[in-house]
$ cat input_12.txt   # compact mmCIF, C-alpha atoms
# COMPACT_ATOMS: atom_id res chain seq x y z
CA MET A 1 100.50 -99.89 55.82
CA ALA A 2 103.05 -100.98 58.42
CA ALA A 3 105.63 -101.11 55.65
CA GLN A 4 105.01 -97.46 54.75
CA HIS A 5 105.24 -96.49 58.43
CA ILE A 6 108.67 -98.14 58.57
CA ASN A 7 109.75 -96.56 55.28
CA TYR A 8 108.75 -93.17 56.66
CA LEU A 9 110.81 -93.71 59.82
CA LEU A 10 113.77 -94.87 57.70
CA HIS A 11 113.41 -91.74 55.58
CA LEU A 12 113.71 -89.57 58.70
CA ALA A 13 116.58 -91.67 60.04
CA ASP A 14 118.51 -91.75 56.77
CA ASN A 15 118.17 -87.96 56.41
CA ALA A 16 119.75 -87.47 59.81
CA LEU A 17 122.45 -90.11 59.33
CA ILE A 18 123.61 -88.99 55.89
CA LEU A 19 123.79 -85.30 56.74
CA GLY A 20 125.45 -86.22 60.04
CA GLN A 21 128.06 -88.22 58.13
CA ARG A 22 128.57 -85.42 55.59
CA ASN A 23 129.00 -82.73 58.23
CA ALA A 24 131.42 -84.96 60.14
CA GLU A 25 133.79 -84.57 57.17
CA TRP A 26 134.61 -81.16 58.63
CA CYS A 27 136.00 -82.75 61.77
CA GLY A 28 139.58 -81.55 62.02
CA HIS A 29 139.16 -79.37 58.90
CA GLY A 30 136.82 -76.61 60.13
CA PRO A 31 137.62 -73.05 59.07
CA ILE A 32 138.22 -72.17 62.73
CA LEU A 33 138.38 -74.28 65.86
CA GLU A 34 134.99 -73.10 67.15
CA GLU A 35 133.22 -74.03 63.90
CA ASP A 36 135.02 -77.35 63.78
CA LEU A 37 133.51 -78.16 67.17
CA ALA A 38 130.10 -76.73 66.23
CA LEU A 39 129.86 -78.91 63.13
CA GLY A 40 131.00 -81.94 65.10
CA ASN A 41 128.40 -81.23 67.79
CA MET A 42 125.65 -80.98 65.20
CA SER A 43 126.80 -84.15 63.46
CA LEU A 44 126.51 -85.98 66.75
CA ASP A 45 123.03 -84.52 67.28
CA LEU A 46 121.98 -85.84 63.87
CA ILE A 47 123.57 -89.26 64.34
CA GLY A 48 121.88 -89.44 67.74
CA GLN A 49 118.51 -88.75 66.10
CA ALA A 50 119.21 -91.41 63.49
CA ARG A 51 120.09 -93.95 66.20
CA LEU A 52 116.80 -93.40 68.05
CA LEU A 53 114.84 -93.77 64.81
CA TYR A 54 116.74 -96.90 63.71
CA GLN A 55 116.21 -98.44 67.15
CA HIS A 56 112.51 -97.71 66.82
CA VAL A 57 112.41 -99.27 63.34
CA ALA A 58 114.31 -102.33 64.60
CA ALA A 59 111.78 -102.77 67.40
CA LEU A 60 108.83 -102.42 65.00
CA LYS A 61 110.31 -104.84 62.47
CA ASN A 62 111.08 -107.32 65.21
CA ASP A 63 113.02 -109.51 62.77
CA GLY A 64 116.47 -109.35 64.33
CA SER A 65 117.22 -105.90 62.84
CA THR A 66 119.46 -103.63 64.86
CA GLU A 67 120.37 -99.98 64.48
CA ASP A 68 123.81 -101.05 63.24
CA ARG A 69 122.43 -103.40 60.62
CA LEU A 70 120.11 -100.67 59.36
CA ALA A 71 122.85 -98.07 59.17
CA TYR A 72 125.73 -100.20 57.95
CA PHE A 73 124.31 -103.10 55.97
CA ARG A 74 121.81 -101.44 53.66
CA ASP A 75 122.86 -100.29 50.21
CA VAL A 76 122.25 -97.18 48.11
CA PRO A 77 118.75 -98.10 46.80
CA ASP A 78 117.62 -98.90 50.37
CA PHE A 79 118.42 -95.41 51.63
CA ARG A 80 115.52 -92.96 51.65
CA ASN A 81 117.27 -89.68 52.43
CA TYR A 82 116.75 -86.53 50.38
CA THR A 83 119.34 -86.24 47.59
CA LEU A 84 120.20 -82.77 48.97
CA LEU A 85 121.83 -84.33 52.02
CA GLU A 86 124.23 -86.68 50.22
CA LEU A 87 125.79 -84.04 47.94
CA PRO A 88 129.40 -82.96 48.55
CA HIS A 89 130.18 -79.72 50.40
CA SER A 90 130.80 -78.06 47.08
CA THR A 91 128.98 -76.28 44.31
CA ALA A 92 131.34 -77.62 41.65
CA MET A 93 129.76 -80.15 39.32
CA ALA A 94 132.84 -82.32 39.65
CA PRO A 95 134.59 -81.39 42.91
CA THR A 96 138.32 -81.95 43.06
CA ALA A 97 140.59 -82.12 46.08
CA ALA A 98 141.24 -78.40 45.64
CA ASN A 99 137.63 -77.29 45.91
CA ASP A 100 135.62 -80.08 47.50
CA HIS A 101 134.86 -78.31 50.79
CA ASP A 102 133.18 -74.93 50.61
CA TYR A 103 131.75 -73.67 53.90
CA ALA A 104 129.13 -71.70 51.97
CA ALA A 105 127.71 -74.99 50.68
CA THR A 106 127.74 -76.50 54.17
CA ILE A 107 125.92 -73.52 55.67
CA VAL A 108 123.29 -73.23 52.94
CA ARG A 109 122.44 -76.93 53.08
CA ASN A 110 122.32 -76.98 56.88
CA PHE A 111 120.03 -73.95 56.79
CA LEU A 112 117.64 -75.51 54.27
CA TYR A 113 117.47 -78.81 56.14
CA SER A 114 117.18 -77.41 59.66
CA ALA A 115 114.53 -74.88 58.56
CA LEU A 116 112.48 -77.83 57.28
CA MET A 117 113.12 -80.04 60.29
CA VAL A 118 112.13 -77.39 62.85
CA LEU A 119 108.71 -77.31 61.15
CA GLN A 120 108.49 -81.07 60.70
CA TRP A 121 109.61 -82.02 64.23
CA GLU A 122 107.13 -79.46 65.61
CA GLN A 123 104.31 -81.31 63.87
CA LEU A 124 105.67 -84.77 64.64
CA GLN A 125 105.43 -84.07 68.37
CA ALA A 126 101.73 -84.84 67.87
CA SER A 127 102.34 -88.05 65.92
CA LYS A 128 100.14 -91.03 66.78
CA ASP A 129 103.37 -93.03 66.93
CA GLY A 130 104.22 -92.20 70.54
CA GLN A 131 107.88 -93.13 70.19
CA LEU A 132 108.24 -90.89 67.13
CA ALA A 133 106.52 -88.06 69.02
CA ALA A 134 109.08 -88.40 71.82
CA ILE A 135 111.99 -88.45 69.35
CA ALA A 136 110.50 -85.34 67.70
CA ALA A 137 110.36 -83.46 71.00
CA LYS A 138 114.04 -84.19 71.65
CA SER A 139 115.15 -83.50 68.08
CA LEU A 140 113.23 -80.23 67.84
CA LYS A 141 115.51 -78.60 70.41
CA GLU A 142 118.56 -79.71 68.46
CA ALA A 143 117.09 -78.60 65.11
CA ARG A 144 116.32 -75.17 66.57
CA TYR A 145 119.96 -74.75 67.48
CA HIS A 146 121.10 -76.00 64.06
CA LEU A 147 118.81 -73.46 62.42
CA ARG A 148 120.10 -70.71 64.65
CA HIS A 149 123.70 -71.59 63.83
CA SER A 150 123.25 -71.90 60.08
CA ARG A 151 120.99 -68.84 59.82
CA ASP A 152 123.53 -66.78 61.71
CA TRP A 153 126.29 -67.75 59.26
CA LEU A 154 123.95 -67.40 56.28
CA VAL A 155 123.39 -63.77 57.23
CA ARG A 156 127.03 -63.10 58.13
CA LEU A 157 128.41 -64.56 54.90
CA GLY A 158 125.59 -63.32 52.67
CA ASP A 159 125.95 -59.82 54.07
CA GLY A 160 129.74 -60.12 54.30
CA THR A 161 132.38 -59.47 51.67
CA PRO A 162 131.70 -59.51 47.92
CA GLU A 163 133.38 -62.94 47.75
CA SER A 164 131.40 -64.46 50.63
CA ASN A 165 128.17 -63.07 49.18
CA GLN A 166 128.97 -64.49 45.76
CA ARG A 167 129.82 -67.92 47.18
CA MET A 168 126.62 -68.03 49.25
CA GLN A 169 124.60 -67.00 46.23
CA GLN A 170 126.25 -69.77 44.22
CA ALA A 171 125.53 -72.36 46.94
CA LEU A 172 121.87 -71.28 47.03
CA ALA A 173 121.57 -71.62 43.26
CA HIS A 174 123.19 -75.06 43.50
CA PHE A 175 121.02 -76.46 46.30
CA MET A 176 117.62 -74.80 45.87
CA PRO A 177 116.41 -77.13 43.08
CA TYR A 178 116.87 -80.08 45.48
CA VAL A 179 114.46 -78.41 47.95
CA GLN A 180 111.65 -79.31 45.54
CA GLU A 181 112.03 -82.90 46.74
CA PHE A 182 110.73 -81.79 50.17
CA TRP A 183 107.34 -81.11 48.61
CA SER A 184 107.10 -83.85 46.00
CA ALA A 185 104.63 -86.61 46.78
CA SER A 186 105.65 -90.07 47.97
CA ASP A 187 103.59 -93.07 49.01
CA MET A 188 105.32 -93.44 52.38
CA GLU A 189 104.72 -89.80 53.31
CA SER A 190 101.09 -89.82 52.16
CA ALA A 191 100.39 -93.06 54.03
CA ALA A 192 102.13 -91.82 57.17
CA ALA A 193 100.26 -88.49 57.05
CA GLN A 194 96.93 -90.24 56.56
CA ALA A 195 97.59 -92.56 59.49
CA GLY A 196 98.36 -89.57 61.70
CA VAL A 197 101.95 -90.82 62.06
CA GLY A 198 103.58 -88.36 59.67
CA VAL A 199 103.12 -84.83 58.40
CA ASP A 200 101.45 -83.48 55.30
CA MET A 201 104.61 -81.91 53.90
CA ALA A 202 102.75 -79.58 51.53
CA ARG A 203 101.34 -77.82 54.57
CA LEU A 204 104.83 -76.87 55.74
CA GLN A 205 105.80 -75.20 52.47
CA GLN A 206 104.40 -71.78 53.23
CA ALA A 207 106.10 -71.51 56.62
CA PHE A 208 109.35 -72.81 55.10
CA ASN A 209 109.24 -70.16 52.37
CA ALA A 210 108.58 -67.43 54.92
CA CYS A 211 111.57 -68.59 57.00
CA LEU A 212 113.78 -68.75 53.91
CA ASP A 213 112.71 -65.39 52.47
CA ASP A 214 113.14 -63.69 55.81
CA ALA A 215 116.70 -65.02 56.19
CA LEU A 216 117.64 -64.28 52.58
CA ALA A 217 116.43 -60.69 52.88
CA GLU A 218 118.56 -60.18 55.98
CA ALA A 219 121.51 -61.85 54.25
CA THR A 220 121.09 -59.66 51.13
CA LEU A 221 120.85 -62.82 49.01
CA GLN A 222 118.55 -63.32 46.04
CA ARG A 223 116.23 -66.30 45.98
CA PRO A 224 117.02 -68.24 42.79
CA ALA A 225 114.21 -68.84 40.31
CA GLY A 226 112.53 -72.15 41.08
CA GLY A 227 112.18 -75.17 38.85
CA GLY A 228 114.54 -77.72 37.41
CA HIS A 229 114.92 -81.45 37.92
CA ILE A 230 113.18 -82.81 41.02
CA SER A 231 115.53 -85.20 42.81
CA THR A 232 114.31 -88.60 44.00
CA GLY A 233 116.52 -89.68 46.90
CA LYS A 234 113.59 -90.43 49.19
CA HIS A 235 112.37 -92.97 46.60
CA GLY A 236 115.75 -94.71 46.73
CA LEU A 237 116.97 -93.21 43.44
CA HIS A 238 120.11 -91.32 44.38
CA SER A 239 122.89 -89.24 42.89
CA GLU A 240 126.29 -90.85 42.30
CA HIS A 241 127.53 -89.31 45.55
CA LEU A 242 125.67 -91.50 48.05
CA GLY A 243 127.67 -94.59 47.10
CA PHE A 244 130.89 -92.86 48.12
CA VAL A 245 129.39 -91.65 51.39
CA LEU A 246 128.24 -95.18 52.25
CA ALA A 247 131.53 -96.72 51.15
CA GLU A 248 133.41 -94.58 53.61
CA MET A 249 130.82 -94.92 56.38
CA GLN A 250 130.18 -98.65 56.09
CA SER A 251 133.55 -100.11 55.10
CA LEU A 252 134.89 -100.62 58.61
CA THR A 253 131.80 -102.40 59.90
CA ARG A 254 131.62 -104.56 56.82
CA ALA A 255 135.27 -105.49 57.07
CA HIS A 256 134.82 -106.46 60.73
CA PRO A 257 131.18 -107.54 61.13
CA GLU A 258 130.09 -107.92 64.76
CA GLY A 259 133.30 -106.19 65.83
CA VAL A 260 133.13 -104.45 69.20
CA TRP A 261 135.37 -101.94 70.91
CA MET B 1 154.99 -63.04 52.88
CA THR B 2 151.65 -61.33 52.69
CA THR B 3 148.51 -62.98 53.92
CA THR B 4 145.15 -62.37 52.36
CA PRO B 5 142.02 -61.84 54.49
CA ASN B 6 140.81 -65.25 53.31
CA THR B 7 143.34 -67.22 55.30
CA PRO B 8 142.25 -68.34 58.76
CA ALA B 9 145.30 -66.76 60.35
CA ALA B 10 144.43 -63.32 59.02
CA ALA B 11 140.79 -63.72 60.02
CA LEU B 12 141.75 -64.58 63.59
CA LYS B 13 143.90 -61.45 63.79
CA GLU B 14 140.91 -59.37 62.80
CA TRP B 15 138.54 -61.09 65.21
CA PRO B 16 138.85 -59.76 68.76
CA LEU B 17 139.41 -62.06 71.71
CA TRP B 18 136.59 -62.74 74.19
CA GLU B 19 136.72 -64.15 77.70
CA VAL B 20 134.14 -66.81 78.47
CA PHE B 21 132.46 -67.29 81.86
CA ILE B 22 130.20 -70.25 82.55
CA ARG B 23 127.75 -70.74 85.38
CA SER B 24 127.62 -74.44 86.04
CA LYS B 25 124.49 -74.45 88.22
CA GLN B 26 121.77 -72.04 89.26
CA GLY B 27 122.91 -70.21 92.37
CA LEU B 28 126.61 -70.58 91.68
CA GLU B 29 128.72 -67.78 90.26
CA HIS B 30 129.93 -67.56 86.67
CA LYS B 31 133.50 -68.84 86.46
CA HIS B 32 136.13 -68.00 83.90
CA CYS B 33 136.74 -71.03 81.72
CA GLY B 34 138.68 -69.78 78.69
CA SER B 35 138.70 -67.47 75.73
CA LEU B 36 137.95 -67.49 72.02
CA HIS B 37 138.06 -65.33 68.91
CA ALA B 38 134.78 -64.07 67.46
CA SER B 39 133.67 -61.18 65.30
CA ASP B 40 131.03 -59.90 67.72
CA ALA B 41 129.37 -60.62 71.05
CA GLN B 42 126.53 -62.75 69.67
CA GLN B 43 128.93 -64.91 67.72
CA ALA B 44 131.18 -65.22 70.76
CA LEU B 45 128.20 -66.44 72.78
CA GLN B 46 127.29 -69.02 70.18
CA MET B 47 130.84 -70.26 69.85
CA ALA B 48 131.21 -70.42 73.61
CA ARG B 49 128.19 -72.71 73.66
CA ASP B 50 129.84 -75.01 71.15
CA VAL B 51 133.32 -74.96 72.65
CA TYR B 52 132.70 -74.85 76.40
CA THR B 53 129.30 -76.40 77.16
CA ARG B 54 129.44 -79.64 75.18
CA ARG B 55 129.60 -81.77 78.30
CA GLN B 56 126.71 -80.09 80.12
CA GLU B 57 129.06 -77.70 81.89
CA GLY B 58 126.68 -74.79 81.99
CA VAL B 59 123.30 -73.21 82.42
CA SER B 60 124.41 -69.67 81.57
CA ILE B 61 127.21 -68.03 79.59
CA TRP B 62 128.81 -64.61 79.77
CA VAL B 63 131.27 -63.31 77.21
CA LEU B 64 133.18 -60.06 77.44
CA PRO B 65 135.85 -58.47 75.29
CA SER B 66 139.28 -59.39 76.62
CA ALA B 67 140.38 -55.84 75.80
CA SER B 68 138.06 -54.46 78.45
CA ILE B 69 139.84 -56.36 81.23
CA THR B 70 142.47 -54.37 83.11
CA ALA B 71 144.96 -56.84 84.53
CA SER B 72 147.79 -56.56 86.99
CA ALA B 73 151.24 -56.90 85.45
CA PRO B 74 153.16 -60.11 86.18
CA GLU B 75 156.28 -58.10 87.08
CA ASP B 76 154.31 -56.36 89.85
CA LYS B 77 153.71 -59.71 91.52
CA ASP B 78 156.29 -59.20 94.29
CA ALA B 79 155.13 -55.72 95.20
CA LEU B 80 151.45 -56.62 95.13
CA PHE B 81 151.36 -60.04 96.70
CA GLU B 82 154.62 -60.77 98.57
CA PRO B 83 153.80 -58.50 101.54
CA ALA B 84 150.80 -60.67 102.44
CA ALA B 85 152.93 -63.78 102.79
CA ASP B 86 154.21 -63.12 106.34
CA LYS B 87 150.92 -61.88 107.78
CA ILE B 88 149.36 -65.13 108.77
CA TYR B 89 147.36 -63.36 111.49
CA ARG B 90 145.06 -62.15 108.72
CA HIS B 91 143.74 -65.64 108.41
CA PRO B 92 141.00 -66.22 110.96
CA THR B 93 142.79 -69.30 112.34
CA PHE B 94 143.37 -67.89 115.82
CA TYR B 95 139.72 -68.07 116.82
CA GLN B 96 137.95 -70.97 118.44
CA ILE B 97 134.90 -71.65 116.32
CA PRO B 98 131.98 -73.18 118.24
CA GLU B 99 131.03 -76.67 117.05
CA GLU B 100 127.49 -75.67 116.13
CA VAL B 101 128.70 -73.10 113.58
CA GLY B 102 129.88 -75.98 111.42
CA HIS B 103 131.93 -75.50 108.27
CA MET B 104 132.84 -71.91 107.48
$ encode --input "input_12.txt" --output "structure tokens"
Amino acid sequence: MAAQHINYLLHLADNALILGQRNAEWCGHGPILEEDLALGNMSLDLIGQARLLYQHVAALKNDGSTEDRLAYFRDVPDFRNYTLLELPHSTAMAPTAANDHDYAATIVRNFLYSALMVLQWEQLQASKDGQLAAIAAKSLKEARYHLRHSRDWLVRLGDGTPESNQRMQQALAHFMPYVQEFWSASDMESAAAQAGVGVDMARLQQAFNACLDDALAEATLQRPAGGGHISTGKHGLHSEHLGFVLAEMQSLTRAHPEGVW
Amino acid sequence: MTTTPNTPAAALKEWPLWEVFIRSKQGLEHKHCGSLHASDAQQALQMARDVYTRRQEGVSIWVLPSASITASAPEDKDALFEPAADKIYRHPTFYQIPEEVGHM
């Protein structure tokens, strides 16, 4: 029971950390200065959320864990983030240096994740885990801004030029199958929901679809047909991409353990 | 060399410039803090939030198109502002201000 509670918190934390790390790749490479800063700001919001959750987990585990150990010294199978969040900023099956950063992919993924998290943080404000409820209240404000930012660009690019529309449509087709993982069952989520700690994710699906359809209609984008492989990142079974994300993120700490500024 | 609309440089040329004003606290005035390129007013507002209020600088933002500002020309500086230089009597420094008035 306690183990599932901790797994659920790690799932939330890993989601925030991995997307935060991915979006930070835009730092210094944004399409324009303002977006470079916006993506950096949102990365820091997400990494801040992850820190609070890891600190909470460390306190619950009470076994000498720290936020740093949880973020930097766990390996791929220990991470419980959605597969969606570890994928490259690209719709290419094998991204190369020439096409590995497509802003359409960044925007579509940020939209899908922030649309979910606005709904989930809203519910988690009433969690029986008081610390999680407090983290939810803080994170909700940030998620609302992330949704506003990504929805704005979703509409601008979807309803933009033929090329921007086509690239957004392609990013949607690429990422939408991974959204199925939001609604697939997992022991940690069921246990957390039953204990009043977590959220029954299936109950968020309708509101998520309404939010998505509304934005897609305004963006003149077509919702891809559903179906396809259901990814399993939250169970610890990841795509090949997470290893590279962790390698980059963790290498410094592992080379200099206990290093301080 | 021709640039295509896809390059950032060309996009920035198409996006008008906006002046950003931030109010740092309730009750204070909005102050000019910089400018940015954006395709419309809403986007300018959002970008201003990301560029100029990251360190809790503001509680309110105004943006307005730079093109709608009419500015004095730098070469008119002497004609416009020089004549005030030798009229120190326009400063209210020749009055005795009673103690109880305090800081003016």
$ closest_residue --input "input_12.txt" --among "A:Leu140, A:Arg151, A:Val199, A:Arg69" --to "Pro257 (chain A)" --atoms "all atoms listed in the file"
A:Arg69
$ closest_atom_pairs --input "input_12.txt" --of "chain A" --to "chain B" --cutoff "8 Å" --atoms "only C-alpha atoms" --output "Markdown table"
| residue | atom | partner | partner_atom | distance |
| --- | --- | --- | --- | --- |
| A:Pro31 | CA | B:Pro8 | CA | 6.6 |
| A:Ile32 | CA | B:Pro8 | CA | 6.8 |
| A:Glu34 | CA | B:Met47 | CA | 5.7 |
| A:Glu35 | CA | B:Met47 | CA | 7.4 |
| A:Leu37 | CA | B:Asp50 | CA | 6.3 |
| A:Ala38 | CA | B:Asp50 | CA | 5.2 |
| A:Asn41 | CA | B:Asp50 | CA | 7.2 |
| A:His149 | CA | B:Gln46 | CA | 7.7 |
$ closest_residue --input "input_12.txt" --among "B:Ile69, B:Gly58, B:Glu75, B:Leu45" --to "Ser24 (chain B)" --atoms "all atoms listed in the file"
B:Gly58
$ atom_distance --input "input_12.txt" --atom1 "CA of Phe175 (chain A)" --atom2 "CA of Ser139 (chain A)"
23.6 Å
$ closest_atom_pairs --input "input_12.txt" --of "region 19-129 of chain A" --to "region 153-157 of chain A" --cutoff "9 Å" --atoms "only C-alpha atoms" --output "CSV"
residue,atom,partner,partner_atom,distance
A:Ala104,CA,A:Leu157,CA,7.8
A:Ile107,CA,A:Leu154,CA,6.5
A:Val108,CA,A:Leu154,CA,6.8
A:Phe111,CA,A:Leu154,CA,7.7
$ atom_distance --input "input_12.txt" --atom1 "CA of His238 (chain A)" --atom2 "CA of Thr83 (chain A)"
6.1 Å
$ closest_residue --input "input_12.txt" --among "B:Leu17, B:Leu28, B:Ala79, B:Ile97" --to "Ser66 (chain B)" --atoms "only C-alpha atoms"
B:Leu17
$ atom_distance --input "input_12.txt" --atom1 "CA of Gln222 (chain A)" --atom2 "CA of Gln166 (chain A)"
10.5 Å
$ residues_around --input "input_12.txt" --residues "Trp183 (chain A)" --least-positions-apart "5" --cutoff "8 Å" --atoms "all atoms listed in the file" --output "list in words"
Met201, Ala202 and Gln205 of chain A
$ write_last_selection --input "input_12.txt" --atoms "C-alpha atoms" --output "PDB file, in the frame of the given file"
ATOM      1  CA  MET A 201     104.610 -81.910  53.900  1.00  0.00           C
ATOM      2  CA  ALA A 202     102.750 -79.580  51.530  1.00  0.00           C
ATOM      3  CA  GLN A 205     105.800 -75.200  52.470  1.00  0.00           C
TER       4      GLN A 205
END
$ residues_near_point --input "input_12.txt" --point "(116.8, -74.4, 45.8)" --cutoff "10 Å" --atoms "only C-alpha atoms" --output "list of chain:residue names"
A:Leu84, A:Val108, A:Arg109, A:Leu112, A:Ala171, A:Leu172, A:Ala173, A:His174, A:Phe175, A:Met176, A:Pro177, A:Tyr178, A:Val179, A:Gln180, A:Glu181, A:Arg223, A:Pro224, A:Ala225, A:Gly226, A:Gly227, A:Gly228
$ write_last_selection --input "input_12.txt" --atoms "C-alpha atoms" --output "PDB file, in the coordinates of the input"
ATOM      1  CA  LEU A  84     120.200 -82.770  48.970  1.00  0.00           C
ATOM      2  CA  VAL A 108     123.290 -73.230  52.940  1.00  0.00           C
ATOM      3  CA  ARG A 109     122.440 -76.930  53.080  1.00  0.00           C
ATOM      4  CA  LEU A 112     117.640 -75.510  54.270  1.00  0.00           C
ATOM      5  CA  ALA A 171     125.530 -72.360  46.940  1.00  0.00           C
ATOM      6  CA  LEU A 172     121.870 -71.280  47.030  1.00  0.00           C
ATOM      7  CA  ALA A 173     121.570 -71.620  43.260  1.00  0.00           C
ATOM      8  CA  HIS A 174     123.190 -75.060  43.500  1.00  0.00           C
ATOM      9  CA  PHE A 175     121.020 -76.460  46.300  1.00  0.00           C
ATOM     10  CA  MET A 176     117.620 -74.800  45.870  1.00  0.00           C
ATOM     11  CA  PRO A 177     116.410 -77.130  43.080  1.00  0.00           C
ATOM     12  CA  TYR A 178     116.870 -80.080  45.480  1.00  0.00           C
ATOM     13  CA  VAL A 179     114.460 -78.410  47.950  1.00  0.00           C
ATOM     14  CA  GLN A 180     111.650 -79.310  45.540  1.00  0.00           C
ATOM     15  CA  GLU A 181     112.030 -82.900  46.740  1.00  0.00           C
ATOM     16  CA  ARG A 223     116.230 -66.300  45.980  1.00  0.00           C
ATOM     17  CA  PRO A 224     117.020 -68.240  42.790  1.00  0.00           C
ATOM     18  CA  ALA A 225     114.210 -68.840  40.310  1.00  0.00           C
ATOM     19  CA  GLY A 226     112.530 -72.150  41.080  1.00  0.00           C
ATOM     20  CA  GLY A 227     112.180 -75.170  38.850  1.00  0.00           C
ATOM     21  CA  GLY A 228     114.540 -77.720  37.410  1.00  0.00           C
TER      22      GLY A 228
END
$ residues_near_point --input "input_12.txt" --point "(121.6, -71.6, 80.4)" --cutoff "9 Å" --atoms "only C-alpha atoms" --output "ChimeraX atom specification"
/B:22-26,58-61
$ residues_around --input "input_12.txt" --residues "Leu64 (chain B)" --least-positions-apart "2" --cutoff "8 Å" --atoms "all atoms listed in the file" --output "list in words"
Trp18, Glu19, Val20, Ala41, Trp62, Ser66 and Ser68 of chain B
$ decode --input "input_12.txt" --residues "region 29-47 of chain B" --atoms "N, CA and C atoms" --output "mmCIF file, in the first residue's frame"
data_model
loop_
_atom_site.group_PDB
_atom_site.id
_atom_site.type_symbol
_atom_site.label_atom_id
_atom_site.label_comp_id
_atom_site.auth_asym_id
_atom_site.auth_seq_id
_atom_site.Cartn_x
_atom_site.Cartn_y
_atom_site.Cartn_z
ATOM 1 N N GLU B 29 2.746 53.300 -10.934
ATOM 2 C CA GLU B 29 2.415 53.431 -12.353
ATOM 3 C C GLU B 29 3.094 52.322 -13.167
ATOM 4 N N HIS B 30 2.592 52.083 -14.364
ATOM 5 C CA HIS B 30 3.275 51.174 -15.283
ATOM 6 C C HIS B 30 4.530 51.880 -15.797
ATOM 7 N N LYS B 31 5.626 51.152 -15.829
ATOM 8 C CA LYS B 31 6.877 51.758 -16.312
ATOM 9 C C LYS B 31 7.375 51.016 -17.540
ATOM 10 N N HIS B 32 7.930 51.769 -18.473
ATOM 11 C CA HIS B 32 8.475 51.150 -19.670
ATOM 12 C C HIS B 32 9.668 50.278 -19.293
ATOM 13 N N CYS B 33 9.684 49.036 -19.783
ATOM 14 C CA CYS B 33 10.821 48.201 -19.407
ATOM 15 C C CYS B 33 11.507 47.576 -20.615
ATOM 16 N N GLY B 34 10.942 47.718 -21.811
ATOM 17 C CA GLY B 34 11.621 47.157 -22.977
ATOM 18 C C GLY B 34 10.659 46.952 -24.121
ATOM 19 N N SER B 35 11.103 46.186 -25.107
ATOM 20 C CA SER B 35 10.251 45.949 -26.262
ATOM 21 C C SER B 35 10.465 44.528 -26.754
ATOM 22 N N LEU B 36 9.555 44.070 -27.590
ATOM 23 C CA LEU B 36 9.703 42.737 -28.179
ATOM 24 C C LEU B 36 8.912 42.646 -29.478
ATOM 25 N N HIS B 37 9.239 41.631 -30.267
ATOM 26 C CA HIS B 37 8.498 41.373 -31.504
ATOM 27 C C HIS B 37 7.418 40.336 -31.241
ATOM 28 N N ALA B 38 6.216 40.573 -31.760
ATOM 29 C CA ALA B 38 5.140 39.588 -31.624
ATOM 30 C C ALA B 38 4.156 39.806 -32.757
ATOM 31 N N SER B 39 3.395 38.752 -33.075
ATOM 32 C CA SER B 39 2.514 38.859 -34.236
ATOM 33 C C SER B 39 1.224 39.601 -33.916
ATOM 34 N N ASP B 40 0.790 39.578 -32.659
ATOM 35 C CA ASP B 40 -0.378 40.380 -32.287
ATOM 36 C C ASP B 40 -0.325 40.724 -30.796
ATOM 37 N N ALA B 41 -1.324 41.475 -30.350
ATOM 38 C CA ALA B 41 -1.280 42.018 -28.990
ATOM 39 C C ALA B 41 -1.293 40.917 -27.932
ATOM 40 N N GLN B 42 -2.132 39.898 -28.140
ATOM 41 C CA GLN B 42 -2.211 38.817 -27.154
ATOM 42 C C GLN B 42 -0.882 38.085 -27.022
ATOM 43 N N GLN B 43 -0.262 37.845 -28.177
ATOM 44 C CA GLN B 43 1.021 37.150 -28.144
ATOM 45 C C GLN B 43 2.082 38.034 -27.488
ATOM 46 N N ALA B 44 2.002 39.328 -27.756
ATOM 47 C CA ALA B 44 2.969 40.250 -27.148
ATOM 48 C C ALA B 44 2.833 40.219 -25.631
ATOM 49 N N LEU B 45 1.593 40.164 -25.158
ATOM 50 C CA LEU B 45 1.333 40.123 -23.717
ATOM 51 C C LEU B 45 1.941 38.861 -23.107
ATOM 52 N N GLN B 46 1.713 37.746 -23.784
ATOM 53 C CA GLN B 46 2.211 36.478 -23.264
ATOM 54 C C GLN B 46 3.742 36.450 -23.252
ATOM 55 N N MET B 47 4.322 36.960 -24.328
ATOM 56 C CA MET B 47 5.786 36.974 -24.394
ATOM 57 C C MET B 47 6.362 37.939 -23.364
#
